[in-house]
file structure37.csv (CSV, C-alpha atoms)
chain,number,residue,atom,x,y,z
A,1,MET,CA,-1.6,22.9,-35.0
A,2,ARG,CA,2.1,23.2,-35.7
A,3,MET,CA,4.2,20.3,-34.5
A,4,LEU,CA,7.9,19.6,-34.8
A,5,ILE,CA,7.5,16.3,-36.6
A,6,ASN,CA,7.9,14.7,-40.1
A,7,VAL,CA,4.7,12.6,-40.3
A,8,PRO,CA,2.6,11.2,-37.5
A,9,GLU,CA,3.4,7.6,-38.5
A,10,THR,CA,7.1,8.0,-37.8
A,11,VAL,CA,7.1,10.1,-34.6
A,12,VAL,CA,8.1,7.3,-32.2
A,13,ALA,CA,10.8,5.9,-34.5
A,14,ASP,CA,12.2,9.3,-35.2
A,15,ALA,CA,12.4,10.1,-31.5
A,16,LEU,CA,14.2,6.8,-30.8
A,17,ARG,CA,16.7,7.5,-33.5
A,18,GLY,CA,17.4,10.9,-31.9
A,19,MET,CA,17.6,9.3,-28.5
A,20,ALA,CA,20.2,6.8,-29.7
A,21,ALA,CA,22.3,9.6,-31.2
A,22,ALA,CA,22.2,11.6,-28.0
A,23,HIS,CA,22.8,8.8,-25.5
A,24,PRO,CA,25.5,6.3,-26.7
A,25,GLU,CA,25.4,4.8,-23.1
A,26,LEU,CA,22.0,3.2,-24.2
A,27,THR,CA,21.2,0.5,-26.7
A,28,VAL,CA,18.2,1.7,-28.7
A,29,ASP,CA,16.5,-0.9,-30.9
A,30,VAL,CA,14.4,1.4,-33.1
A,31,ASP,CA,12.8,-1.4,-35.1
A,32,ASN,CA,11.8,-3.5,-32.1
A,33,ARG,CA,11.1,-0.5,-29.9
A,34,VAL,CA,13.3,-1.4,-26.9
A,35,VAL,CA,15.7,0.9,-25.0
A,36,MET,CA,18.3,-0.8,-22.8
A,37,ARG,CA,21.3,-0.1,-20.7
A,38,ARG,CA,24.3,-0.8,-22.9
A,39,ASP,CA,25.9,-2.9,-20.1
A,40,ALA,CA,22.9,-5.1,-19.7
A,41,PRO,CA,22.6,-7.8,-18.5
A,42,VAL,CA,24.5,-7.0,-15.3
A,43,ALA,CA,25.7,-10.2,-13.7
A,44,GLY,CA,23.7,-11.1,-10.5
A,45,LYS,CA,21.4,-8.1,-10.7
A,46,VAL,CA,17.7,-8.1,-10.9
A,47,ALA,CA,16.5,-6.3,-14.0
A,48,LEU,CA,13.7,-3.7,-14.1
A,49,VAL,CA,11.6,-3.3,-17.2
A,50,SER,CA,8.8,-0.8,-17.7
A,51,GLY,CA,7.0,0.8,-20.6
A,52,GLY,CA,3.9,2.5,-21.8
A,53,GLY,CA,2.6,4.7,-24.5
A,54,SER,CA,4.9,7.3,-26.0
A,55,GLY,CA,4.0,10.9,-25.3
A,56,HIS,CA,4.9,10.9,-21.5
A,57,GLU,CA,8.6,11.5,-21.9
A,58,PRO,CA,11.0,11.2,-20.2
A,59,LEU,CA,8.9,8.3,-18.8
A,60,HIS,CA,10.0,5.6,-19.4
A,61,ALA,CA,13.0,5.5,-21.8
A,62,GLY,CA,14.5,8.5,-20.1
A,63,PHE,CA,14.8,6.6,-16.9
A,64,VAL,CA,16.9,3.7,-18.3
A,65,GLY,CA,20.4,3.5,-16.8
A,66,PRO,CA,22.4,2.6,-13.7
A,67,GLY,CA,20.3,3.0,-10.5
A,68,MET,CA,16.9,2.8,-12.3
A,69,LEU,CA,15.5,0.8,-15.3
A,70,SER,CA,17.3,-1.9,-17.2
A,71,ALA,CA,15.0,-1.5,-20.2
A,72,ALA,CA,12.0,0.4,-21.4
A,73,CYS,CA,9.4,-0.4,-24.1
A,74,PRO,CA,7.8,2.6,-25.8
A,75,GLY,CA,4.5,2.0,-27.5
A,76,GLU,CA,2.8,4.2,-30.0
A,77,VAL,CA,1.5,7.5,-28.7
A,78,PHE,CA,-0.8,6.9,-25.7
A,79,THR,CA,-0.9,3.2,-26.7
A,80,SER,CA,0.5,0.3,-24.7
A,81,PRO,CA,3.6,-1.5,-26.0
A,82,VAL,CA,3.0,-5.0,-27.3
A,83,PRO,CA,4.0,-8.2,-25.4
A,84,ASP,CA,6.7,-9.0,-28.0
A,85,GLN,CA,8.6,-5.8,-27.0
A,86,MET,CA,8.4,-6.7,-23.3
A,87,VAL,CA,9.5,-10.3,-23.8
A,88,ARG,CA,12.4,-9.2,-26.0
A,89,ALA,CA,13.4,-6.6,-23.4
A,90,ALA,CA,13.2,-9.1,-20.5
A,91,ALA,CA,15.3,-11.7,-22.3
A,92,ALA,CA,17.9,-9.2,-23.2
A,93,VAL,CA,18.5,-7.8,-19.7
A,94,ASP,CA,17.9,-10.9,-17.6
A,95,SER,CA,21.1,-12.0,-15.8
A,96,GLY,CA,19.5,-15.0,-14.3
A,97,ALA,CA,18.4,-13.0,-11.2
A,98,GLY,CA,14.9,-12.3,-12.5
A,99,VAL,CA,13.1,-9.4,-14.0
A,100,LEU,CA,10.6,-7.0,-12.3
A,101,PHE,CA,7.9,-5.5,-14.6
A,102,VAL,CA,6.8,-2.0,-13.4
A,103,VAL,CA,3.2,-1.6,-14.8
A,104,LYS,CA,1.0,1.5,-14.7
A,105,ASN,CA,-2.6,0.7,-14.0
A,106,TYR,CA,-4.0,1.1,-17.5
A,107,THR,CA,-6.0,-1.7,-19.1
A,108,GLY,CA,-3.8,-2.1,-22.2
A,109,ASP,CA,-0.5,-2.0,-20.2
A,110,MET,CA,-1.9,-4.5,-17.6
A,111,LEU,CA,-3.1,-7.0,-20.2
A,112,ASN,CA,0.1,-6.8,-22.4
A,113,PHE,CA,2.5,-7.0,-19.5
A,114,GLU,CA,0.6,-10.0,-18.0
A,115,MET,CA,0.8,-11.8,-21.4
A,116,ALA,CA,4.5,-10.9,-21.7
A,117,ALA,CA,5.2,-12.2,-18.2
A,118,GLU,CA,3.7,-15.6,-19.1
A,119,LEU,CA,5.7,-15.7,-22.4
A,120,ALA,CA,8.9,-14.7,-20.7
A,121,GLU,CA,8.5,-17.4,-18.0
A,122,ASP,CA,8.0,-20.0,-20.7
A,123,GLU,CA,11.4,-19.0,-22.0
A,124,GLY,CA,13.0,-19.5,-18.5
A,125,VAL,CA,12.9,-15.9,-17.3
A,126,GLN,CA,11.7,-15.4,-13.7
A,127,VAL,CA,9.3,-12.4,-13.7
A,128,ALA,CA,7.6,-10.5,-10.9
A,129,LYS,CA,5.2,-7.6,-11.5
A,130,VAL,CA,4.2,-4.5,-9.5
A,131,LEU,CA,1.2,-2.3,-10.4
A,132,VAL,CA,1.4,1.4,-9.9
A,133,ASN,CA,-2.0,3.0,-9.0
A,134,ASP,CA,-1.4,6.2,-7.2
A,135,ASP,CA,-3.9,8.7,-8.6
A,136,VAL,CA,-6.4,9.8,-6.0
A,137,ALA,CA,-8.5,11.9,-8.4
A,138,VAL,CA,-10.9,9.2,-9.5
A,139,THR,CA,-11.6,5.5,-8.8
A,140,ASP,CA,-12.3,4.5,-12.4
A,141,SER,CA,-11.4,6.3,-15.6
A,142,LEU,CA,-11.6,5.8,-19.3
A,143,PHE,CA,-8.5,3.6,-19.4
A,144,THR,CA,-8.6,1.9,-16.0
A,145,ALA,CA,-10.4,-0.2,-13.5
A,146,GLY,CA,-9.3,1.4,-10.3
A,147,ARG,CA,-6.8,4.2,-9.8
A,148,ARG,CA,-4.6,5.4,-12.6
A,149,GLY,CA,-0.8,5.0,-12.5
A,150,THR,CA,0.9,8.4,-12.7
A,151,GLY,CA,3.7,10.2,-10.9
A,152,ALA,CA,4.5,7.4,-8.4
A,153,THR,CA,5.9,5.4,-11.3
A,154,LEU,CA,9.1,7.6,-11.1
A,155,PHE,CA,9.4,6.9,-7.4
A,156,VAL,CA,8.9,3.1,-7.9
A,157,GLU,CA,11.4,2.9,-10.7
A,158,LYS,CA,14.1,5.0,-8.9
A,159,ILE,CA,13.8,3.4,-5.5
A,160,ALA,CA,13.4,-0.2,-6.7
A,161,GLY,CA,16.1,0.4,-9.2
A,162,ALA,CA,18.5,1.4,-6.5
A,163,ALA,CA,17.7,-1.7,-4.5
A,164,ALA,CA,18.3,-3.9,-7.6
A,165,ASP,CA,21.7,-2.2,-8.2
A,166,GLU,CA,22.6,-3.0,-4.6
A,167,GLY,CA,22.1,-6.7,-5.3
A,168,ALA,CA,18.8,-7.2,-3.6
A,169,PRO,CA,17.0,-10.4,-4.7
A,170,LEU,CA,13.9,-10.3,-6.8
A,171,GLU,CA,11.5,-10.9,-4.0
A,172,ARG,CA,13.0,-7.9,-2.0
A,173,VAL,CA,13.0,-5.6,-5.0
A,174,GLU,CA,9.4,-6.5,-5.7
A,175,ALA,CA,8.5,-5.8,-2.0
A,176,ILE,CA,10.2,-2.4,-2.1
A,177,ALA,CA,8.4,-1.5,-5.3
A,178,ARG,CA,5.1,-2.4,-3.8
A,179,GLN,CA,5.9,-0.5,-0.6
A,180,VAL,CA,6.7,2.7,-2.6
A,181,ASN,CA,3.4,2.4,-4.6
A,182,GLU,CA,1.3,1.8,-1.5
A,183,ALA,CA,3.0,4.8,0.2
A,184,SER,CA,2.4,7.2,-2.7
A,185,ARG,CA,-0.5,9.3,-3.9
A,186,SER,CA,-0.9,11.8,-6.8
A,187,PHE,CA,-3.3,14.5,-8.1
A,188,GLY,CA,-3.1,16.2,-11.5
A,189,VAL,CA,-4.5,19.4,-13.0
A,190,ALA,CA,-4.9,20.4,-16.7
A,191,LEU,CA,-4.8,24.0,-17.8
A,192,SER,CA,-5.1,23.0,-21.5
A,193,SER,CA,-6.0,20.0,-23.6
A,194,VAL,CA,-3.4,17.7,-25.3
A,195,THR,CA,-2.7,17.4,-29.0
A,196,THR,CA,-1.7,14.0,-30.4
A,197,PRO,CA,0.3,13.8,-33.6
A,198,ALA,CA,-2.3,11.6,-35.3
A,199,LYS,CA,-5.2,14.0,-34.5
A,200,GLY,CA,-3.3,17.3,-34.9
A,201,SER,CA,-5.9,19.1,-32.8
A,202,PRO,CA,-6.9,19.1,-29.1
A,203,THR,CA,-8.3,15.8,-27.9
A,204,PHE,CA,-10.8,17.3,-25.6
A,205,ASP,CA,-12.6,20.6,-25.2
A,206,LEU,CA,-11.3,22.8,-22.3
A,207,PRO,CA,-12.6,26.3,-22.9
A,208,ALA,CA,-10.3,29.3,-22.2
A,209,GLY,CA,-10.6,30.4,-18.6
A,210,GLU,CA,-11.3,26.9,-17.3
A,211,LEU,CA,-9.2,24.1,-15.8
A,212,GLU,CA,-9.8,20.4,-15.1
A,213,LEU,CA,-9.0,19.1,-11.6
A,214,GLY,CA,-7.9,15.5,-11.4
A,215,ILE,CA,-7.0,15.0,-15.0
A,216,GLY,CA,-5.2,11.8,-16.2
A,217,ILE,CA,-2.0,11.7,-18.2
A,218,HIS,CA,-3.9,10.9,-21.4
A,219,GLY,CA,-6.4,13.7,-21.0
A,220,GLU,CA,-9.0,11.6,-19.1
A,221,PRO,CA,-11.6,13.6,-17.2
A,222,GLY,CA,-11.0,14.4,-13.6
A,223,ARG,CA,-13.1,15.3,-10.6
A,224,GLU,CA,-14.5,18.6,-11.9
A,225,ARG,CA,-14.0,21.7,-14.1
A,226,ARG,CA,-13.7,25.1,-12.5
A,227,PRO,CA,-13.0,28.6,-13.7
A,228,MET,CA,-9.2,29.3,-13.7
A,229,MET,CA,-7.6,29.2,-10.3
A,230,THR,CA,-4.4,30.8,-9.0
A,231,SER,CA,-1.4,28.6,-8.2
A,232,ARG,CA,-2.2,29.0,-4.5
A,233,GLU,CA,-5.8,27.8,-5.0
A,234,ILE,CA,-4.7,24.8,-7.1
A,235,ALA,CA,-2.1,23.8,-4.5
A,236,ASP,CA,-4.7,24.0,-1.8
A,237,PHE,CA,-7.0,21.7,-3.7
A,238,ALA,CA,-4.5,19.2,-5.0
A,239,VAL,CA,-2.3,18.8,-1.9
A,240,HIS,CA,-5.3,18.5,0.4
A,241,ALA,CA,-6.7,15.8,-1.9
A,242,VAL,CA,-3.5,13.8,-1.7
A,243,LEU,CA,-3.0,14.3,2.1
A,244,ASP,CA,-6.5,13.4,3.0
A,245,ASP,CA,-6.0,10.0,1.3
A,246,LEU,CA,-2.3,9.5,2.2
A,247,GLN,CA,-2.4,10.8,5.8
A,248,PRO,CA,1.4,10.7,6.2
A,249,THR,CA,3.0,10.5,9.7
A,250,SER,CA,6.6,10.4,8.4
A,251,PRO,CA,8.6,12.7,6.2
A,252,VAL,CA,7.5,12.7,2.5
A,253,LEU,CA,9.2,12.7,-0.9
A,254,VAL,CA,7.6,15.4,-3.1
A,255,LEU,CA,7.3,15.4,-6.9
A,256,VAL,CA,6.0,18.6,-8.5
A,257,ASN,CA,5.6,17.5,-12.1
A,258,GLY,CA,4.8,19.4,-15.2
A,259,MET,CA,2.5,17.9,-17.8
A,260,GLY,CA,4.7,18.9,-20.8
A,261,ALA,CA,4.0,22.5,-21.6
A,262,THR,CA,4.3,24.2,-18.2
A,263,PRO,CA,7.6,26.2,-17.8
A,264,LEU,CA,9.9,25.7,-14.8
A,265,LEU,CA,9.2,29.3,-13.8
A,266,GLU,CA,5.6,28.3,-13.1
A,267,LEU,CA,6.4,24.9,-11.6
A,268,TYR,CA,8.8,26.4,-9.1
A,269,GLY,CA,6.2,29.0,-8.1
A,270,PHE,CA,3.7,26.2,-7.8
A,271,ASN,CA,6.2,24.2,-5.6
A,272,ALA,CA,6.4,27.2,-3.2
A,273,GLU,CA,2.6,26.9,-2.8
A,274,VAL,CA,2.8,23.1,-2.4
A,275,GLN,CA,5.4,23.5,0.3
A,276,ARG,CA,3.2,26.1,2.1
A,277,VAL,CA,0.3,23.7,2.2
A,278,LEU,CA,2.5,20.9,3.5
A,279,SER,CA,3.9,23.2,6.2
A,280,GLU,CA,0.4,24.2,7.2
A,281,ARG,CA,-0.6,20.6,7.5
A,282,HIS,CA,2.6,19.9,9.6
A,283,VAL,CA,4.0,17.5,7.0
A,284,SER,CA,7.8,17.2,7.0
A,285,VAL,CA,9.5,17.2,3.6
A,286,ALA,CA,12.6,15.1,3.1
A,287,ARG,CA,13.3,15.7,-0.6
A,288,THR,CA,11.6,17.6,-3.5
A,289,LEU,CA,11.9,17.0,-7.2
A,290,VAL,CA,10.5,19.7,-9.6
A,291,GLY,CA,10.3,19.3,-13.4
A,292,ASN,CA,8.6,17.7,-16.4
A,293,TYR,CA,9.0,14.0,-15.7
A,294,VAL,CA,5.6,12.3,-16.4
A,295,THR,CA,4.1,14.3,-19.1
A,296,SER,CA,1.2,14.4,-21.6
A,297,LEU,CA,2.7,15.8,-24.8
A,298,ASP,CA,1.8,19.5,-25.0
A,299,MET,CA,-0.6,19.7,-22.1
A,300,ALA,CA,-0.2,22.6,-19.8
A,301,GLY,CA,-0.7,21.6,-16.2
A,302,CYS,CA,0.9,20.0,-13.2
A,303,SER,CA,0.6,17.1,-10.8
A,304,VAL,CA,1.7,16.6,-7.2
A,305,THR,CA,2.9,13.2,-5.9
A,306,LEU,CA,3.8,12.5,-2.3
A,307,CYS,CA,5.5,9.3,-0.9
A,308,ARG,CA,5.7,8.4,2.8
A,309,LEU,CA,9.4,7.7,3.5
A,310,ASP,CA,11.2,5.5,6.0
A,311,GLU,CA,15.0,5.5,6.4
A,312,GLU,CA,15.5,2.8,3.8
A,313,LEU,CA,13.4,4.3,1.2
A,314,LEU,CA,15.1,7.7,1.6
A,315,ARG,CA,18.5,6.1,1.4
A,316,LEU,CA,17.5,4.3,-1.8
A,317,TRP,CA,16.1,7.5,-3.3
A,318,ASP,CA,19.4,9.3,-2.6
A,319,ALA,CA,21.5,6.4,-4.1
A,320,PRO,CA,23.4,7.2,-7.3
A,321,VAL,CA,21.4,7.2,-10.6
A,322,GLU,CA,22.6,7.9,-14.1
A,323,THR,CA,19.8,8.1,-16.8
A,324,PRO,CA,19.0,10.6,-19.5
A,325,ALA,CA,16.4,12.4,-17.3
A,326,LEU,CA,17.5,11.7,-13.7
A,327,ARG,CA,21.1,11.7,-12.5
A,328,TRP,CA,22.9,12.4,-9.3
A,329,GLY,CA,25.6,10.9,-7.1
A,330,ARG,CA,27.8,9.2,-9.7
call {"tool": "encode", "arguments": {"input": "structure37.csv", "output": "structure tokens"}}
result
Amino acid sequence: MRMLINVPETVVADALRGMAAAHPELTVDVDNRVVMRRDAPVAGKVALVSGGGSGHEPLHAGFVGPGMLSAACPGEVFTSPVPDQMVRAAAAVDSGAGVLFVVKNYTGDMLNFEMAAELAEDEGVQVAKVLVNDDVAVTDSLFTAGRRGTGATLFVEKIAGAAADEGAPLERVEAIARQVNEASRSFGVALSSVTTPAKGSPTFDLPAGELELGIGIHGEPGRERRPMMTSREIADFAVHAVLDDLQPTSPVLVLVNGMGATPLLELYGFNAEVQRVLSERHVSVARTLVGNYVTSLDMAGCSVTLCRLDEELLRLWDAPVETPALRWGR
């Protein structure tokens, strides 16, 4: 398998050095694996810190900046960051208004962020945590107890980040983040396996002409395998799975997400089918975002995330944001 890397051992550090060169508005600590807003800490503002295994870019470092995250902690590929990274990040971006940890529901992330919260509080940093667990495909998976955290992570980080930038106190920012998570559901589909730099070959066997419905962002198994389906058939399956669980009665925010190797030509075509299903189910769409945002290295595939909106959540979604991967209104 050909990969655009030097050696597997330096993949994350090399990427962080490249990110630092491309984005001088960020402070990138390559040695300690922390990416921060250059203007952090911002006086009087709640700070948002997230992180997770590398390989899901632009999640999370690509969402650091005004209107979103204050800092992100990248781990090794598909491996949780360690508590020292999170404590260092929290201390660096805390203005005294507190820090919200945004944690995807994976066992390693949960354990390490919990330990980091305790250590940060010992150092005088007030910490709150929100768990993202939006995947409707399976209840338990290889890396989780309960639902996996996937596309709703972007919604939580953007909307809670906007509330923090407006000066909302920690308790309010935490409540908004929890509301977004509880109002969001996702479903993912794999058309190919994923190749990690360390292994250099597909991590699971997905024969040609088959797909996996309900895949996780690390290649975890989903609900079932089927012969290859059309974009229309995949949208029918995925969107109905989300709607049957979410049952929205208000307009929704839509994320049509690529898993890393799916071109925009296909994603926009898939979005047309997603919008068709939503229209057939009489679901009103307020906003739609299409692109590769919560990825799995070189996996071909897609995911759909829906979030029930109220007026405040829509206003916070539309609020200005300026990060490497998401920017509007500034």
call {"tool": "closest_residue", "arguments": {"input": "structure37.csv", "among": "A:Leu289, A:Leu265, A:Val42, A:Leu16", "to": "Ala92 (chain A)", "atoms": "all atoms listed in the file"}}
result
A:Val42
call {"tool": "atom_distance", "arguments": {"input": "structure37.csv", "atom1": "CA of Lys104 (chain A)", "atom2": "CA of Asp122 (chain A)"}}
result
23.4 Å
call {"tool": "atom_distance", "arguments": {"input": "structure37.csv", "atom1": "CA of Glu311 (chain A)", "atom2": "CA of Pro251 (chain A)"}}
result
9.6 Å
call {"tool": "residues_near_point", "arguments": {"input": "structure37.csv", "point": "(-7.0, 18.9, -26.2)", "cutoff": "9 Å", "atoms": "only C-alpha atoms", "output": "list in words"}}
result
Ser192, Ser193, Val194, Thr195, Thr196, Ser201, Pro202, Thr203, Phe204, Asp205, Leu206, Gly219, Asp298 and Met299 of chain A
call {"tool": "closest_residue", "arguments": {"input": "structure37.csv", "among": "A:Glu233, A:Val12, A:Leu309, A:Gln275", "to": "Thr249 (chain A)", "atoms": "only C-alpha atoms"}}
result
A:Leu309
call {"tool": "closest_atom_pairs", "arguments": {"input": "structure37.csv", "of": "region 35-80 of chain A", "to": "region 157-177 of chain A", "cutoff": "6 Å", "atoms": "all atoms listed in the file", "output": "JSON lines"}}
result
{"residue": "A:Lys45", "atom": "CA", "partner": "A:Gly167", "partner_atom": "CA", "distance": 5.6}
{"residue": "A:Val46", "atom": "CA", "partner": "A:Ala164", "partner_atom": "CA", "distance": 5.4}
{"residue": "A:Gly67", "atom": "CA", "partner": "A:Ala162", "partner_atom": "CA", "distance": 4.7}
{"residue": "A:Met68", "atom": "CA", "partner": "A:Gly161", "partner_atom": "CA", "distance": 4.0}
call {"tool": "atom_distance", "arguments": {"input": "structure37.csv", "atom1": "CA of Pro324 (chain A)", "atom2": "CA of Asp14 (chain A)"}}
result
17.2 Å
call {"tool": "residues_near_point", "arguments": {"input": "structure37.csv", "point": "(-11.4, 10.8, -7.0)", "cutoff": "10 Å", "atoms": "all atoms listed in the file", "output": "compact mmCIF listing (two decimals) with C-alpha atoms, in the frame of the given file"}}
result
# COMPACT_ATOMS: atom_id res chain seq x y z
CA ASP A 135 -3.90 8.70 -8.60
CA VAL A 136 -6.40 9.80 -6.00
CA ALA A 137 -8.50 11.90 -8.40
CA VAL A 138 -10.90 9.20 -9.50
CA THR A 139 -11.60 5.50 -8.80
CA ASP A 140 -12.30 4.50 -12.40
CA SER A 141 -11.40 6.30 -15.60
CA ARG A 147 -6.80 4.20 -9.80
CA PHE A 187 -3.30 14.50 -8.10
CA LEU A 213 -9.00 19.10 -11.60
CA GLY A 214 -7.90 15.50 -11.40
CA GLY A 222 -11.00 14.40 -13.60
CA ARG A 223 -13.10 15.30 -10.60
CA GLU A 224 -14.50 18.60 -11.90
CA ALA A 241 -6.70 15.80 -1.90
CA VAL A 242 -3.50 13.80 -1.70
CA ASP A 245 -6.00 10.00 1.30
call {"tool": "residues_around", "arguments": {"input": "structure37.csv", "residues": "Val87 (chain A)", "least_positions_apart": "2", "cutoff": "10 Å", "atoms": "only C-alpha atoms", "output": "CSV table (one decimal) with C-alpha atoms, in the frame of the given file"}}
result
chain,number,residue,atom,x,y,z
A,49,VAL,CA,11.6,-3.3,-17.2
A,73,CYS,CA,9.4,-0.4,-24.1
A,82,VAL,CA,3.0,-5.0,-27.3
A,83,PRO,CA,4.0,-8.2,-25.4
A,84,ASP,CA,6.7,-9.0,-28.0
A,85,GLN,CA,8.6,-5.8,-27.0
A,89,ALA,CA,13.4,-6.6,-23.4
A,90,ALA,CA,13.2,-9.1,-20.5
A,91,ALA,CA,15.3,-11.7,-22.3
A,92,ALA,CA,17.9,-9.2,-23.2
A,113,PHE,CA,2.5,-7.0,-19.5
A,115,MET,CA,0.8,-11.8,-21.4
A,116,ALA,CA,4.5,-10.9,-21.7
A,117,ALA,CA,5.2,-12.2,-18.2
A,118,GLU,CA,3.7,-15.6,-19.1
A,119,LEU,CA,5.7,-15.7,-22.4
A,120,ALA,CA,8.9,-14.7,-20.7
A,121,GLU,CA,8.5,-17.4,-18.0
A,123,GLU,CA,11.4,-19.0,-22.0
A,125,VAL,CA,12.9,-15.9,-17.3
call {"tool": "closest_residue", "arguments": {"input": "structure37.csv", "among": "A:Leu4, A:Val64, A:Leu26, A:Val132", "to": "Val321 (chain A)", "atoms": "all atoms listed in the file"}}
result
A:Val64
call {"tool": "residues_around", "arguments": {"input": "structure37.csv", "residues": "Val30 (chain A)", "least_positions_apart": "4", "cutoff": "10 Å", "atoms": "only C-alpha atoms", "output": "PyMOL selection string"}}
result
chain A and resi 12-17+19-20+34-35+74
call {"tool": "closest_residue", "arguments": {"input": "structure37.csv", "among": "A:Val304, A:Ala97, A:Leu326, A:Val77", "to": "Ala238 (chain A)", "atoms": "only C-alpha atoms"}}
result
A:Val304
call {"tool": "residues_around", "arguments": {"input": "structure37.csv", "residues": "Val254 (chain A)", "least_positions_apart": "2", "cutoff": "6 Å", "atoms": "only C-alpha atoms", "output": "VMD selection string"}}
result
chain A and resid 288 305 to 306
